[in-house]
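Colleague: Got a structure for you, written out below as structure tokens; questions coming shortly.
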There are 4 protein chains.
Amino acid sequence: MIGHGFMGAAHSQGWRVAPRFFDLPRQPEMSILVGRNAATAAEAAERWGWAESSTDWRAVIDRPDIDVIDIVTPGTSHAEIAIAALNAGKHVLCEKPLANTVAEAAAMTDAAARAFERGVYAMVGFTYRRVPAATLARDFVAAGKIGQIRQVRVNYLQDWLVDPESPLTWRLQKELAGSGALGDIGAHAIDLAQFITGQRLSSVSGIIETLVTERPLLGTKQGLSGTATTERGAVTVDDVALFTGRFEGGALGSFEATRFSTGRKNAFRIEVAGSDGAIAFDLEDLNTLSFFDGHAATGQQGFTRILVTEPQHPYLAAWWPPGHMLGYEHGFTHQARDFVHAIAAGEQPTPSFADGLQVQRVLAAVEASSDNGSAWTRTHEPAPELATQN
Amino acid sequence: MIGHGFMGAAHSQGWRVAPRFFDLPRQPEMSILVGRNAATAAEAAERWGWAESSTDWRAVIDRPDIDVIDIVTPGTSHAEIAIAALNAGKHVLCEKPLANTVAEAAAMTDAAARAFERGVYAMVGFTYRRVPAATLARDFVAAGKIGQIRQVRVNYLQDWLVDPESPLTWRLQKELAGSGALGDIGAHAIDLAQFITGQRLSSVSGIIETLVTERPLLGTKQGLSGTATTERGAVTVDDVALFTGRFEGGALGSFEATRFSTGRKNAFRIEVAGSDGAIAFDLEDLNTLSFFDGHAATGQQGFTRILVTEPQHPYLAAWWPPGHMLGYEHGFTHQARDFVHAIAAGEQPTPSFADGLQVQRVLAAVEASSDNGSAWTRTHEPAPELATQN
Amino acid sequence: MIGHGFMGAAHSQGWRVAPRFFDLPRQPEMSILVGRNAATAAEAAERWGWAESSTDWRAVIDRPDIDVIDIVTPGTSHAEIAIAALNAGKHVLCEKPLANTVAEAAAMTDAAARAFERGVYAMVGFTYRRVPAATLARDFVAAGKIGQIRQVRVNYLQDWLVDPESPLTWRLQKELAGSGALGDIGAHAIDLAQFITGQRLSSVSGIIETLVTERPLLGTKQGLSGTATTERGAVTVDDVALFTGRFEGGALGSFEATRFSTGRKNAFRIEVAGSDGAIAFDLEDLNTLSFFDGHAATGQQGFTRILVTEPQHPYLAAWWPPGHMLGYEHGFTHQARDFVHAIAAGEQPTPSFADGLQVQRVLAAVEASSDNGSAWTRTHEPAPELATQN
Amino acid sequence: MIGHGFMGAAHSQGWRVAPRFFDLPRQPEMSILVGRNAATAAEAAERWGWAESSTDWRAVIDRPDIDVIDIVTPGTSHAEIAIAALNAGKHVLCEKPLANTVAEAAAMTDAAARAFERGVYAMVGFTYRRVPAATLARDFVAAGKIGQIRQVRVNYLQDWLVDPESPLTWRLQKELAGSGALGDIGAHAIDLAQFITGQRLSSVSGIIETLVTERPLLGTKQGLSGTATTERGAVTVDDVALFTGRFEGGALGSFEATRFSTGRKNAFRIEVAGSDGAIAFDLEDLNTLSFFDGHAATGQQGFTRILVTEPQHPYLAAWWPPGHMLGYEHGFTHQARDFVHAIAAGEQPTPSFADGLQVQRVLAAVEASSDNGSAWTRTHEPAPELATQN
């Protein structure tokens, strides 16, 4: 595993727990954790149960006893590491967003396509697909339970930037973070909406906005930590992204990703309305799927709150009795499980890098639309920088 | 209408509104309002739209142009007025509880039975039966949608006595109020549970308790109004009633009626669990019925939140488009509608005085059980006074 | 009252009930109901308690014993009737939307401004402002409880057009209805958002769309009623409106008005996020306001579900004890109350026709933006016709 | 760890994960798993990550390299194993209920008291105390936020026995399971209520009942597994327990534990009403605590839904960012953490065996009350079998 921030903890938990609850065709070994600083990397390895630690990811990639590289570094380094790892014949799991730019994501997708030919697989870490209720939502849609999709509404609401005195961390600087709410949580919104509906966004119109444009600088040179100072610096990423999109199947989607929704901590909500029913999901109530069955008897219709904890539900047979709740981190366990299964089966794991690239294109289209007075912008075509790549 | 407290406002609204939304076979005229004080009665009549006012209920009962007597006085006077009115050939709608004692309620039931023979009808005002979602719950149970009933849970939660400095009003004095939480809101709990299940409670075990036994006296001789003084007097009614009951069909019921559930204002909740499903209702969410369909597909089961605002739902065809909410007072409009229909059809309106008496017997059994160390107490026996009546 | 559709029932209920629960400085008399067909107008007058009926609204406007004209006809006739009534010295309550076009709304606003000089008042019927929880939301915002407003999210979700076989009624024909979801429920969304925030939308970017473009024709020449036929006609109004707006105070708003949100009947939801807190309201839970207090103690923060049924809450002192619910129609009672008070006090009632015009301008700006590739469109400019009016 | 049923998986997860997220003063090593069958024990050890397996718990207890014994066997064997382990100087964590009888629980408590003198500690596994929202509820009560406690309402609702064809497993046989809903989930209800309130139940009145008295026998001699046959056997444990209790501090409590609440899977709900506020918790919404602050401003009161995912909340600083949910199993991780801390600090871990015994006494009192016509039964005194033990 390369990197050891918050995502490192989550991925480690996934690798640690997956073999304890699921029958895996191959047993993951938590071999080496790589970080920039030897001491902190060693400490993280010790804490999270990795056998070794290192500061040299290139050397790790070259090791013959390593089969899988799990990338949980910031987005700026994803492309370089992932491409090198794939080229070295390692399966790669890369945390989302796939990269900070479409160009990088495209290069990664290209590398993944070439690796695939050699039986080497790459996956991007949109773990919310593996929250059982979200998977069940996809299953319901795929089974035709809600009919033709008409509308999709997606809100990803956080509030950690409401305070204007909240400091200017690296996440608020474009050169480091790439993007703000749009790339961080908007990427989840796009991926999950496309996953559940089984349709891709073909065009978007939107706006991204920085509501608080200056914030206190941190008292360290890189702004990675430290305490706020009296000086202020410019916030160079978006606080809020609002956009409308058309899906390939004709549905309309409305999207919101924000770090300014006061009182909402991680409220990721999606509702899909179809000709025959609807589904609604909220990550803050993650063990539940609401389903409206348009074929239910007249006078008896309504949203059914399905507690997604029955053994018939996705992933649940491995867990606890009905009514015993799962949490955020279970998505990472399911991700580890699915990745191992795909590798063992010699199949492309999903979401693929191509899926990650497509999300990246949508993000880029939203930014372009915002820059262009919210003009409708296509997500696929033409993408000149891709013309030479694919 | 005899009486003009809070219930007078609600009943007046019922009589006023019913003919505007429902096709009634006979048109109610709001003729006379009767009160003890001429000035306040006149004022209430003016405000609520009664043509006249009076202080002499006996004279009103004798008037040949009066067909219906609506009794909304405190429970102590129900029996005298209702029996006189029925004997005078007037149809009677009597607010709940039917009376303050079983003996009075039995006498009223006897009078009602005799009046019935002459085509004169009596009804007791358990209006929550006529909240559409509660009526729908009854319909679902009667249609067998939840199968054999196993358990019933009823909570009627208020909190207006939490403050120990809340004064000693007449409602807290047994000689005036008859009972506390038990008779006031416990009566609703019993009636609605029996109505929805279609089963009567056959025996009970319970406890009634006064949590704050002394409260500030009010600065008037009757304690009917005024401001709190530094003197304290004894609270002689219950603050809380907790009891368990057996229904005739074998189900177990748990009941709570309280004025000490901090933060709950009028939370009247009932859940009925059967062999094939369940229903749940909450008066604070009164346009909704939750229904669990045990026959739904595996993996798709859950409580369905039915918005009871469709034209197919009870009473709703007369009201607004789907999704437009009804409130508390609509039960009184439905009550007026149903009472007029029953009279015009020459049929016994429900709930009858016999139904009101039966609730009274349950209340008495709970009190007896509480006095007797929560011993199980039958609700029917001995009922000699009924032997000759029915 | 001119007109007697669904809104006629609601307005009649408002006039009937307001004087029974509120102390009004003047007593409304329900004099005449006007309709196009004598028989149906007479029937409606009888049912809803109007003393007379008529088919000649011009004659009614000329009657000296009439003080107030209440317009509940479709939008196409609002301007003509309202202007005539104001010119004749009658106070006017006009149902929303104020008119079908900005030009008509502007002319009405002009007439209202002139009438105001003569002590004659006009109001537009955005009754949701008078749902107590919505009024309380406005009060909280105005009192600074949520600080500077950052984001506003408004969804008005219905589903009555989900079925593609639902017929082509007059509401789906632009020449009769003027607009679809946008003008019908989007108007409410705009008005309530502006009312609660105290800020106006200055520009918008959006899209309106017709998801089902052809529907069965009805077997009558006007399409006002009848049964669906096998022929199909074009739907000429929008099914869905999605737009983003900027408020004058700098907040961003996202709006959705739809008749295709499967399973949602009348889900009108608004959430306002500020620097110090947030409020959230849902018309399907209309007795409740959710409030997030950013100043609450750390670890104790969250959305507080305020049951807006206490005597301290707007309008509530006139109604029932705490915890007893109000419904949809109470907004109309409050509207009647407020209108009478404003007239008696010689003050401009709100929302004024100018307020209604401004909503109309926003609607027009959304349409213009949609026609123009979702380009950002100002809502005020050019407003030359107002320059001479106000 | 002795035993490897469903609880074994949960305890193993606790031991595995605790050192990864919490700083522990001593590092747990997952040494040996003990089961009756060598093959299945070995398989469980392999799956859950125990280094060895064994079928001889006595031998394991004698091993000098073992410091802690974790008992997750059925209740019948708790006493023998725990007492032996404590006498052998091993710290003991014993899954709830402490034992199947008061006598056994008392003997275990006696052994624990003696071990304590030697620096050997015992704890019983009521893990729901360690769901952060439940811990926070206790903290709020202890801090006086809700004032004097008046009422406690506890419902533990499951539905896995609703189907009368559900087979007669060992859990429905008194000689094996000891008790039914009462001992299984009623024990949790009692413990959590006492934990949150900080008060013990002093007397109870209740009823336990078997709603379906005969069920299909399983086709194996012990009824431990197999498929249902056409023969039927008697259910000898309760399906439902309903009881009322008095707390030492004067509060009244109502309790329900049931396996017949159709549609409810693991709905463990507790609400505590005090003179100054209230708290409400639901295990199906386990990341949330609802708090009613009676000192909030008039008109602003209501239940606040606190998302218990902030770093200030119990246990949360070790986990994910705000708004990222925990699940059922986290209670076991917290239990492992707390147990290790107590051992390292040389302090009595809680809940102690004495706490477990006291719960057992309450359970026994409920059974005795049920057997005695729901007569009020004291939970502490006199307990003859204890007279000679303590």
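Letters for chains follow the order of the structure tokens (A, B, ...), residue numbers begin at 1 for each chain, and ligand numbers begin at 1 in the order shown.
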Hey, what's within 8 Å of segment 250-258 of chain A if we count only C-alpha atoms and toss same-chain stuff fewer than 6 positions away? As a PyMOL selection string, please?
Modeller: (chain A and resi 149-159+181-182+185-186+189+239-244) or (chain C and resi 242)
Colleague: Given a cut-off of 7 Å, which residues of chain A touch chain C, counting only C-alpha atoms, written out as a VMD selection string?
Modeller: chain A and resid 151 162 to 163 261 to 263 273 to 275 277 to 278 292 302 to 303 373 to 376
Colleague: Counting only C-alpha atoms, what is within 12 Å of Arg58 of chain D, bar same-chain residues fewer than 2 positions away, as a ChimeraX atom specification?
Modeller: /D:2,34-36,54-56,60-63,66,69,80-88,90
Colleague: Which is closer to Ala39 of chain B than all the others in B:Thr101, B:Ser53, B:Gln27, B:Asn266, using only C-alpha atoms?
Modeller: B:Ser53
Colleague: Do you know which residues are at most 9 Å from Leu289 of chain A counting only C-alpha atoms, after dropping those on the same chain fewer than 2 positions away, and could you put them as JSON, numbers by chain?
Modeller: {"A": [133, 134, 136, 137, 279, 280, 281, 282, 285, 286, 287, 291, 304, 305, 306, 307, 308]}
Colleague: Enumerate as a PyMOL selection string all residues of segment 228-334 of chain C assigned to helix (DSSP H, G or I) by DSSP on the backbone, naming them with the chain letters and numbers the document uses.
Modeller: chain C and resi 283-285+316-318+330-334
Colleague: Keeping only N, CA and C atoms, take the residues you just selected and write them out as a short mmCIF file (atom, residue, chain, number, x, y, z; two decimals), in the first residue's frame.
Modeller:
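What landed in result20.cif:
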data_model
loop_
_atom_site.label_atom_id
_atom_site.label_comp_id
_atom_site.auth_asym_id
_atom_site.auth_seq_id
_atom_site.Cartn_x
_atom_site.Cartn_y
_atom_site.Cartn_z
N LEU C 283 -43.11 20.17 3.43
CA LEU C 283 -44.56 20.35 3.48
C LEU C 283 -45.30 19.06 3.80
N GLU C 284 -44.68 17.92 3.54
CA GLU C 284 -45.33 16.64 3.91
C GLU C 284 -45.20 16.37 5.40
N ASP C 285 -44.50 17.22 6.10
CA ASP C 285 -44.35 17.10 7.56
C ASP C 285 -44.54 18.52 8.10
N LEU C 316 -50.39 29.90 16.12
CA LEU C 316 -50.78 28.73 16.90
C LEU C 316 -51.62 29.03 18.12
N ALA C 317 -51.50 30.23 18.68
CA ALA C 317 -52.26 30.54 19.88
C ALA C 317 -53.76 30.40 19.63
N ALA C 318 -54.16 30.52 18.37
CA ALA C 318 -55.58 30.43 18.06
C ALA C 318 -56.08 29.00 17.93
N HIS C 330 -55.10 25.11 6.61
CA HIS C 330 -54.92 26.18 7.59
C HIS C 330 -54.19 27.38 6.99
N GLY C 331 -53.36 27.15 6.00
CA GLY C 331 -52.71 28.27 5.34
C GLY C 331 -53.72 29.25 4.76
N PHE C 332 -54.83 28.72 4.29
CA PHE C 332 -55.85 29.59 3.70
C PHE C 332 -56.61 30.37 4.77
N THR C 333 -56.77 29.74 5.91
CA THR C 333 -57.40 30.45 7.03
C THR C 333 -56.48 31.59 7.50
N HIS C 334 -55.21 31.29 7.56
CA HIS C 334 -54.26 32.33 7.99
C HIS C 334 -54.19 33.45 6.95
#
Colleague: Quick one: residues within 12 Å of Ser202 of chain C, only C-alpha atoms, excluding same-chain residues fewer than 6 positions away - as a ChimeraX atom specification?
Modeller: /C:190,194,244-253,358-359,361-363,365-366,376-381
Colleague: For the selection just defined, write its residues with C-alpha atoms to a file, as a tab-separated table (two decimals), in the first residue's frame.
Modeller:
chain	number	residue	atom	x	y	z
C	190	ILE	CA	-39.33	30.55	-5.64
C	194	GLN	CA	-37.35	34.26	-1.15
C	244	THR	CA	-29.73	27.22	-10.09
C	245	GLY	CA	-30.02	30.76	-8.85
C	246	ARG	CA	-28.05	33.46	-7.18
C	247	PHE	CA	-29.68	35.39	-4.37
C	248	GLU	CA	-29.03	39.08	-3.90
C	249	GLY	CA	-27.21	38.35	-0.66
C	250	GLY	CA	-24.75	36.04	-2.39
C	251	ALA	CA	-26.26	32.68	-1.57
C	252	LEU	CA	-26.54	29.95	-4.15
C	253	GLY	CA	-29.85	28.21	-4.62
C	358	GLN	CA	-41.11	39.38	-9.21
C	359	VAL	CA	-41.78	35.62	-8.96
C	361	ARG	CA	-39.94	37.46	-13.64
C	362	VAL	CA	-37.92	34.65	-12.12
C	363	LEU	CA	-40.10	32.10	-13.88
C	365	ALA	CA	-35.89	34.10	-16.58
C	366	VAL	CA	-35.78	30.34	-16.05
C	376	TRP	CA	-27.32	32.73	-16.76
C	377	THR	CA	-30.19	35.17	-17.01
C	378	ARG	CA	-30.95	38.12	-14.83
C	379	THR	CA	-34.35	38.24	-13.20
C	380	HIS	CA	-34.70	42.02	-12.90
C	381	GLU	CA	-33.53	43.45	-16.15
Colleague: Might you pull out every residue within 6 Å of Val92 of chain D, with only C-alpha atoms counted and same-chain residues fewer than 2 positions away left off, and present them as a PyMOL selection string?
Modeller: chain D and resi 68-70+122
Colleague: Excluding same-chain residues fewer than 4 positions from His188 of chain D, what lies within 8 Å of it counting only C-alpha atoms, as a list in words?
Modeller: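 Listing them by chain and then by number gives Phe126, Tyr128, Asp184 and Leu192 of chain D.
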Colleague: Between atom CA of Arg171 of chain A and atom CA of Gln360 of chain A, what distance in Å does the model show, to one decimal?
Modeller: 17.8 Å
Colleague: Select from segment 25-84 of chain C everything DSSP, run on the backbone, classes as strand (DSSP E), then give the selection as number ranges by chain.
Modeller: C: 32-34, 52-54, 68-71
Colleague: Which distance in Å separates atom CA of Gly356 of chain B and atom CA of Met108 of chain B, to one decimal?
Modeller: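 Going from atom CA of Gly356 of chain B over to atom CA of Met108 of chain B covers 9.6 Å.
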Colleague: What does the structure give for the distance between atom CA of Thr109 of chain D and atom CA of Thr350 of chain D, in Å to one decimal?
Modeller: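 These two atoms are separated by 12.9 Å.
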